[in-house]
Structures are given as structure tokens and as C-alpha cells.
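What follows is a short report on a single structure.
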Amino acid sequence: MTTKAQVAGKMTSRQRVMNALNGLPVDRPPVANPTSVATVEMMDLVNAYFPEANRDPEMNARLAATEYTEFGFDAIAPYFSIIQESSALGCDMQWEQKDNWPTVRMANPIWKSSRDVKVPADFLQHRDITAITGSIKLLKQEFGDDVAIIGKTMGPWTLAYHVFGVEPFLLGTVDDPDETMAALHRLKEFTVLFGQAQIDAGADILTLPDHATGDLVSAEYYKRFLLEMHQELAETFDVPIILHICGNTIDRMPYIAQTGMAAFHFDSRNDPQEAMDAVNGGIKLVGNVNNPTTLYARTPAEVRKEVYRALDAGVQLIAPECAVPLKTKAENLVEIPIAVEDWAAEHGMI
Amino acid sequence: MAIQHEGLAKEFEWVTRPGEQKHIGEAIEKTDALMQELAYQLILGANTEVGRLTKEALDNGYTANQVLDDGLLNGMAIVGVKFRDNVIFVPEVLVSARAMKAGMQHLEPILSASGVEPIGTVVMGTVKGDLHDIGKNLCIMMLRGAGFVVHDLGVDTAPDEFADAVEEHDAQLVGMSALLTTTMPNMGRVISYFEDVGLRDEVRMMVGGAPVTQEFADEMGADGYGENAVECVDRAKELLVLLKELKA
């Protein structure tokens, strides 16, 4: 299916996304979800279902491609969940069914301290790692010149939740902050290894989720434990990095703007205008159409309103706020690029 | 009368809503130096010190209820306010909860033996298909801190497990949590199950979790929604009163 948005655009989708991330002119703001737009409807369409589509490169690529071919987005993001590395590290997994996300059983952590953190020799060969790198290779072959391929590598803070358990890890930040820093530095190795493997496979961009969200920790925590590490990671990779943190993040956006990353993917709980003011031009913003209410349960007209709200605020890349609910209707997702196209036409861009 | 303990008085400055200032302030002002020190140490999350002070108080003739109400719960009340108002976040709440637990280790055997009725009984779990528990655990800590008995059903909880727990513990309230957009609808399935087995009128049902909204709660037919752990306690208290009125 070719959408109205694809027909009308002047640049290729890939150019549009890369230009927007690099602060260069675009014919219209790109639509690119750095997390996931996999849905049950698309699983049925391309016969690639969860959980297998998370673990098999060919099925993964088939499902991921629908982001472009069916919804008309400008990017393809094949890493749907947040658990691939953790599975490769041996975390206790619950793979679930086609209508639910695979999850790490964080109540059964695999490690207790930084000393336990060791890179398995076959980490990059694990099937849940090669599912993504293999998929990226396939997607690059098929869409490489036209569409931006977005890889994803978990940041050390998110990995810490998975390998240490959320509560033990957060308690540790109070009890022994130096140990926390040591653990984060060690976990960062996985972020770099998997990120680089995806770049080598052909990823144009990396998303780096690191859930130091305002729902759990303070802005000062972000500054204290992660800012420098994120700056280092931004320097490490030679592709644009999109930081993703769910929840309330306005209070830490001034710090996030100092990371040197290309963009920040933000949640609908943050007002787009306030977010733009908070980053003050220091980083591009990607977002922030609401998932659980608007995309999941409302109509295209309401999706359109949120897209316009983000664009009017100056948000540079339009996207759902996070991985979309698996039962999101296609008509709501298709509406996003159409709304962007219309907004761009109204503003004399096209 | 002002709060005598300097550190606790400073912590009390975070309580800015007039109703809470009156309620928490009056509760603290009537307590003595030892109970104020206990409340203060709980706010700091000093678990060893809270355990030691609790034992000291019991050894010196304080009743378990006095130590709980005048020391630990006054401290938790300020922790709750600071958490709600984003003065502190989850790690700081976790250390205070750990300190509370250190005190409760000394109090629980006495309270259980005395047969004192809790203000209410709650069964709480994360719904089927969802393994996230930090939000649920925070609610449980705050509910226990407010004097509720809470039975934690853990994660990935099926509708019949909620129902069985209500019957087993004679609970008045059910709390359901979900973090995933895929599992939110399972809250509605629990409510439907309670209707099917004839338990719906026996309990009040609360929901919460990052993607859950008041609108979603209403659509599912939940009785209460809390945006955070402090609101969860407020809703629980309100729903308990409503349920008692209804049953009366």
C-alpha cells in the first residue's frame, strides 16, 4: 500500500528523517517512531506473530516493514520490545502471546552486583541479538536508500532494572551510589556492543531507551548517574542517537539537551510546547501522540489534533509517544503521516 | 504547640496543603521526643535506627499501637506527601519503606496477638500478562503505612486469583495495577469476573498504573482510580467509607 503521504513527499523518507535529525531542511516533518509500531492487525496481514517475530529475523523484518509500507511512516524500527539483550544475558523471560509484549521477570534477577556483570563470549551470536541484526540487514537490502532504519540498544539504566531487579537496583542507588556507577559502566558495554552491531548491519539511527523516568527517579538522579554516560555514548556511535525515556521528563530535559544526542523521544504526559522550551534548541524532539487513550481508543480526528499540537509547538519528528499498543487500529496510525502532510501543506512546506 | 524535633520540623515544612498541615501537624505535635525521633529516622530511611528506636520504645513501655501511630505512621505521612509532590522519588520511598519494615518486625507480633482490627483489608496484584510491580509495591507500602492490611498477590494475576483472595481474606477492597497498554484491558476482565461470580457488590475495586487514566477506569467500571500511590491510599479510604455506608 502506498499512502497519500508517500506520494506527496519530495524527499525520500530516509533523507527526510536524517535531515531532521541533523538539523537540515526538510520538505515536511518526518514521521518516525523510534520504538515500535508493531500491531496485531499487521501480524495478521504479514503472517508474522509475537513472540516469534521478536526472535526470527525474517519474520521480524516482515512485521517491521509495515511501519513504512502500510502506515506510511518514514522509518522502520525492527526492535519492537526492550528485552532482546536481557534475554541474551540469560534473564528469566516471559515470552507471552501475539497480543502481549514479552517481558523480563524482574522479580528473579540474574545478578546482584557490578562484579557479576560479564559479557558472555557469544553475546552477539545469541538468537535474540541476531534476530535484530539479521532483520536490519534484510531491511537495509530492501529499503536502504528509501527509508531510515532505526536500530535500538538499551541504555545501562534500563538494563540494570532487568538484570538486578527494579527495587534492588533503586535501593542500591541510595545505599551505595559508587557501586551503582560501577554497575552502569559495566552494563554500558552491552549498549555499545549491540548498538555497534546494528550500525554494522546497516542501521542509520539508534534509539537508546534508558528509563530514568520522572515516575521513578529525580532529575538530579539523571544528572548524577546518566548525563555523562549519555554524553559518552553519543560520542561513541557515528550515527544519530535518539534517547527515549517514558513518563514525565520535563524536569530533566535541560540535562537531556546537553547529551549531544540528536533527538529525544518524549511521552504525551509532557506538553510539547513546554518540552520545546525545556530543551531550548539543545536537542530535537520526537513525539508525542498519546498511546493508551488517543491511538488505542480514539478516532483519526483526535489523532490529527495531537499531531497538529506537536507540530504547532515545533516538534521536529512526529511519532507515537512510545511503542504503540498492539491492538491499535491501522486507521489511527495511517492518520499520522496524512496529518503531517496536511499541516505541511497548510504551512507552505509542500 | 510547635513540633519540637528540629529535623522533623524541617521535614514538616514540605507539608503545605492546609488540611494536611492540620491533620499531620496535630498528630505529630501531641507526640514526645522519642516518637518524633522515630518519625524523623523513618523519613531519612535509617532502617537500623528505626528498628533500634522501635525496640527501645517497646522496652520502655510504649504500646505497639502508640509506636505505630505516633512514630512510624507520622513519618510515612510526610514521606507520602513528599513523594506525591515530587520532592522525593521511588528510591527514597523504598528506603523509608525498608525502615518501616524494620520497625514493623518488632510491632507485628504484638499487633497480631492483640487482635486489633485493621482499618481495612485490601488484595492487590498486577493483572494477567503483566510482570511489572514497582507501582503496585509502592501502593502496598503506602496502604500498609496508612494502617491497611494488604495481601500482595504479586504479578501476572488471573481474575480468579483476585476473587479467591477476596474470599480467603474477607477483603473489602481490590487493587489492580498494569504498566502495559496490552494488559490494561485485563482490569476490566477482573471486574467482569467479579460480576459473574457474584462478588462485585461485596468489594470496591481500584485501578492504577502508568497508562491508566480516570477515563479508562470509568469505562471499565472501576470504583476508583489513583494516579499515584498517595492517591491510592486516599481512594482506598474513601471507598471503604462508601462500602461501609452501602452495607449499613
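Each chain of the C-alpha cells is named A, B, ... in the order shown, its residues numbered from 1; ligands are numbered from 1 in display order.
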Problem - Within 6 Å of Leu107 in chain B using only C-alpha atoms, minus same-chain residues under 3 positions, as a ChimeraX atom specification - result: /B:64,104,110
Keeping only N, CA, C and O atoms, write the selected residues as a short mmCIF file (atom, residue, chain, number, x, y, z; two decimals), in the first residue's frame.
data_model
loop_
_atom_site.label_atom_id
_atom_site.label_comp_id
_atom_site.auth_asym_id
_atom_site.auth_seq_id
_atom_site.Cartn_x
_atom_site.Cartn_y
_atom_site.Cartn_z
N ALA B 64 2.45 -1.01 71.26
CA ALA B 64 2.75 -1.18 69.83
C ALA B 64 1.93 -0.19 69.00
O ALA B 64 2.44 0.39 68.03
N MET B 104 8.34 -2.48 61.91
CA MET B 104 7.17 -3.38 61.96
C MET B 104 7.56 -4.79 62.41
O MET B 104 6.72 -5.50 62.97
N ILE B 110 3.18 -8.27 68.15
CA ILE B 110 2.35 -7.75 69.24
C ILE B 110 0.97 -7.36 68.72
O ILE B 110 -0.06 -7.68 69.32
#
Handout entry: Contact set, chain A to chain B: 7 Å, only C-alpha atoms, as a count of residues only
Key = 13
Determine which residues of range 302-348 of chain A receive a DSSP assignment of alpha helix (DSSP H), computed from the backbone, and state them as a PDB file with N, CA and C atoms, in the first residue's frame.
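This is the output file selection.pdb:
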ATOM      1  N   GLU A 302      -9.061  12.679  16.275  1.00  0.00           N
ATOM      2  CA  GLU A 302      -8.381  13.048  17.518  1.00  0.00           C
ATOM      3  C   GLU A 302      -6.867  12.843  17.415  1.00  0.00           C
ATOM      4  N   VAL A 303      -6.456  11.843  16.633  1.00  0.00           N
ATOM      5  CA  VAL A 303      -5.026  11.659  16.365  1.00  0.00           C
ATOM      6  C   VAL A 303      -4.501  12.913  15.663  1.00  0.00           C
ATOM      7  N   ARG A 304      -5.251  13.352  14.683  1.00  0.00           N
ATOM      8  CA  ARG A 304      -4.859  14.532  13.899  1.00  0.00           C
ATOM      9  C   ARG A 304      -4.639  15.745  14.803  1.00  0.00           C
ATOM     10  N   LYS A 305      -5.537  15.948  15.766  1.00  0.00           N
ATOM     11  CA  LYS A 305      -5.412  17.094  16.684  1.00  0.00           C
ATOM     12  C   LYS A 305      -4.083  17.045  17.434  1.00  0.00           C
ATOM     13  N   GLU A 306      -3.721  15.846  17.864  1.00  0.00           N
ATOM     14  CA  GLU A 306      -2.466  15.735  18.633  1.00  0.00           C
ATOM     15  C   GLU A 306      -1.247  15.944  17.757  1.00  0.00           C
ATOM     16  N   VAL A 307      -1.339  15.464  16.513  1.00  0.00           N
ATOM     17  CA  VAL A 307      -0.230  15.685  15.580  1.00  0.00           C
ATOM     18  C   VAL A 307      -0.054  17.189  15.349  1.00  0.00           C
ATOM     19  N   TYR A 308      -1.142  17.875  15.121  1.00  0.00           N
ATOM     20  CA  TYR A 308      -1.078  19.323  14.886  1.00  0.00           C
ATOM     21  C   TYR A 308      -0.524  20.054  16.113  1.00  0.00           C
ATOM     22  N   ARG A 309      -0.928  19.577  17.269  1.00  0.00           N
ATOM     23  CA  ARG A 309      -0.467  20.222  18.510  1.00  0.00           C
ATOM     24  C   ARG A 309       1.056  20.125  18.630  1.00  0.00           C
ATOM     25  N   ALA A 310       1.586  18.950  18.317  1.00  0.00           N
ATOM     26  CA  ALA A 310       3.040  18.769  18.389  1.00  0.00           C
ATOM     27  C   ALA A 310       3.738  19.612  17.315  1.00  0.00           C
ATOM     28  N   LEU A 311       3.196  19.597  16.109  1.00  0.00           N
ATOM     29  CA  LEU A 311       3.812  20.366  15.029  1.00  0.00           C
ATOM     30  C   LEU A 311       3.756  21.865  15.308  1.00  0.00           C
ATOM     31  N   ASP A 312       2.621  22.322  15.810  1.00  0.00           N
ATOM     32  CA  ASP A 312       2.491  23.751  16.121  1.00  0.00           C
ATOM     33  C   ASP A 312       3.505  24.184  17.173  1.00  0.00           C
ATOM     34  N   ALA A 313       3.848  23.244  18.057  1.00  0.00           N
ATOM     35  CA  ALA A 313       4.831  23.566  19.102  1.00  0.00           C
ATOM     36  C   ALA A 313       6.250  23.570  18.551  1.00  0.00           C
ATOM     37  N   ALA A 330      -5.160   0.389  12.535  1.00  0.00           N
ATOM     38  CA  ALA A 330      -4.313   0.920  11.459  1.00  0.00           C
ATOM     39  C   ALA A 330      -4.744   2.323  11.055  1.00  0.00           C
ATOM     40  N   GLU A 331      -6.057   2.578  11.038  1.00  0.00           N
ATOM     41  CA  GLU A 331      -6.530   3.892  10.562  1.00  0.00           C
ATOM     42  C   GLU A 331      -5.986   5.026  11.425  1.00  0.00           C
ATOM     43  N   ASN A 332      -5.758   4.756  12.695  1.00  0.00           N
ATOM     44  CA  ASN A 332      -5.207   5.808  13.553  1.00  0.00           C
ATOM     45  C   ASN A 332      -3.732   6.056  13.267  1.00  0.00           C
ATOM     46  N   LEU A 333      -3.006   4.991  12.935  1.00  0.00           N
ATOM     47  CA  LEU A 333      -1.582   5.160  12.637  1.00  0.00           C
ATOM     48  C   LEU A 333      -1.389   5.798  11.259  1.00  0.00           C
ATOM     49  N   VAL A 334      -2.185   5.380  10.307  1.00  0.00           N
ATOM     50  CA  VAL A 334      -2.108   5.943   8.951  1.00  0.00           C
ATOM     51  C   VAL A 334      -2.394   7.448   8.988  1.00  0.00           C
ATOM     52  N   GLU A 335      -3.232   7.844   9.921  1.00  0.00           N
ATOM     53  CA  GLU A 335      -3.611   9.267  10.003  1.00  0.00           C
ATOM     54  C   GLU A 335      -2.423  10.160  10.366  1.00  0.00           C
ATOM     55  N   ILE A 336      -1.430   9.615  11.033  1.00  0.00           N
ATOM     56  CA  ILE A 336      -0.317  10.466  11.489  1.00  0.00           C
ATOM     57  C   ILE A 336       0.418  11.099  10.298  1.00  0.00           C
ATOM     58  N   PRO A 337       0.932  10.309   9.330  1.00  0.00           N
ATOM     59  CA  PRO A 337       1.599  10.966   8.197  1.00  0.00           C
ATOM     60  C   PRO A 337       0.663  11.815   7.336  1.00  0.00           C
ATOM     61  N   ILE A 338      -0.598  11.417   7.267  1.00  0.00           N
ATOM     62  CA  ILE A 338      -1.550  12.232   6.489  1.00  0.00           C
ATOM     63  C   ILE A 338      -1.713  13.608   7.156  1.00  0.00           C
ATOM     64  N   ALA A 339      -1.838  13.599   8.462  1.00  0.00           N
ATOM     65  CA  ALA A 339      -1.993  14.865   9.191  1.00  0.00           C
ATOM     66  C   ALA A 339      -0.740  15.729   9.040  1.00  0.00           C
ATOM     67  N   VAL A 340       0.420  15.088   9.098  1.00  0.00           N
ATOM     68  CA  VAL A 340       1.673  15.845   8.933  1.00  0.00           C
ATOM     69  C   VAL A 340       1.719  16.471   7.544  1.00  0.00           C
ATOM     70  N   GLU A 341       1.337  15.683   6.563  1.00  0.00           N
ATOM     71  CA  GLU A 341       1.316  16.161   5.177  1.00  0.00           C
ATOM     72  C   GLU A 341       0.400  17.392   5.045  1.00  0.00           C
ATOM     73  N   ASP A 342      -0.772  17.301   5.629  1.00  0.00           N
ATOM     74  CA  ASP A 342      -1.734  18.403   5.543  1.00  0.00           C
ATOM     75  C   ASP A 342      -1.210  19.646   6.268  1.00  0.00           C
ATOM     76  N   TRP A 343      -0.624  19.404   7.428  1.00  0.00           N
ATOM     77  CA  TRP A 343      -0.067  20.528   8.193  1.00  0.00           C
ATOM     78  C   TRP A 343       1.028  21.208   7.378  1.00  0.00           C
ATOM     79  N   ALA A 344       1.880  20.388   6.773  1.00  0.00           N
ATOM     80  CA  ALA A 344       2.985  20.945   5.980  1.00  0.00           C
ATOM     81  C   ALA A 344       2.444  21.759   4.795  1.00  0.00           C
ATOM     82  N   ALA A 345       1.392  21.248   4.155  1.00  0.00           N
ATOM     83  CA  ALA A 345       0.795  21.980   3.028  1.00  0.00           C
ATOM     84  C   ALA A 345       0.205  23.306   3.508  1.00  0.00           C
ATOM     85  N   GLU A 346      -0.464  23.256   4.644  1.00  0.00           N
ATOM     86  CA  GLU A 346      -1.051  24.494   5.195  1.00  0.00           C
ATOM     87  C   GLU A 346       0.015  25.514   5.557  1.00  0.00           C
TER      88      GLU A 346
END
Exercise for the section: Could you give me, as a VMD selection string, the residues within 9 Å of range 141-144 of chain B, counting only C-alpha atoms and dropping anything in the same chain fewer than 2 positions from it? Expected result: chain B and resid 76 to 77 80 93 to 94 97 100 122 136 to 139 146 to 150 229 to 230 232 to 233 236
Keeping C-alpha atoms, export the residues of the selection given above as an mmCIF file, in the first residue's frame.
data_model
loop_
_atom_site.group_PDB
_atom_site.id
_atom_site.type_symbol
_atom_site.label_atom_id
_atom_site.label_comp_id
_atom_site.auth_asym_id
_atom_site.auth_seq_id
_atom_site.Cartn_x
_atom_site.Cartn_y
_atom_site.Cartn_z
ATOM 1 C CA MET B 76 5.172 7.775 56.489
ATOM 2 C CA ALA B 77 2.573 10.526 56.188
ATOM 3 C CA GLY B 80 3.776 10.226 51.194
ATOM 4 C CA VAL B 93 10.404 5.949 49.292
ATOM 5 C CA LEU B 94 11.922 2.481 49.102
ATOM 6 C CA ALA B 97 9.591 1.605 53.396
ATOM 7 C CA MET B 100 9.143 0.965 58.211
ATOM 8 C CA VAL B 122 -7.029 -4.982 50.520
ATOM 9 C CA LYS B 136 1.857 -1.909 42.902
ATOM 10 C CA ASN B 137 4.543 -2.308 45.552
ATOM 11 C CA LEU B 138 4.584 1.422 46.254
ATOM 12 C CA CYS B 139 0.817 1.382 46.699
ATOM 13 C CA ALA B 146 -1.775 4.092 56.446
ATOM 14 C CA GLY B 147 -2.888 1.123 58.540
ATOM 15 C CA PHE B 148 -4.432 -1.198 55.942
ATOM 16 C CA VAL B 149 -3.772 -4.912 55.850
ATOM 17 C CA VAL B 150 -2.707 -5.692 52.287
ATOM 18 C CA ALA B 229 0.477 5.708 45.494
ATOM 19 C CA VAL B 230 -0.717 8.531 47.711
ATOM 20 C CA CYS B 232 -4.332 5.103 46.014
ATOM 21 C CA VAL B 233 -4.494 5.471 49.798
ATOM 22 C CA ALA B 236 -8.980 3.323 49.456
#
Practice task
Quick one: pull the distance between CA of Asp92 in chain A and CA of Tyr161 in chain A, Å, one decimal.
Solution key: 12.7 Å
Exercise for the section: Among the residues of range 42-207 of chain B, find those DSSP assigns to strand (DSSP E) from the backbone and print them as a list in words. Expected result: Thr121, Val122, Val123, Met124, Gly125, Thr126, Val149, Val150, His151, Asp152, Leu173, Val174, Gly175, Met176, Ser177, Arg204, Met205, Met206 and Val207 of chain B
Practice task
Would you mind reading off the distance between CA of Asp146 in chain A and CA of Thr12 in chain A, one decimal, in Å?
Solution key: 5.5 Å
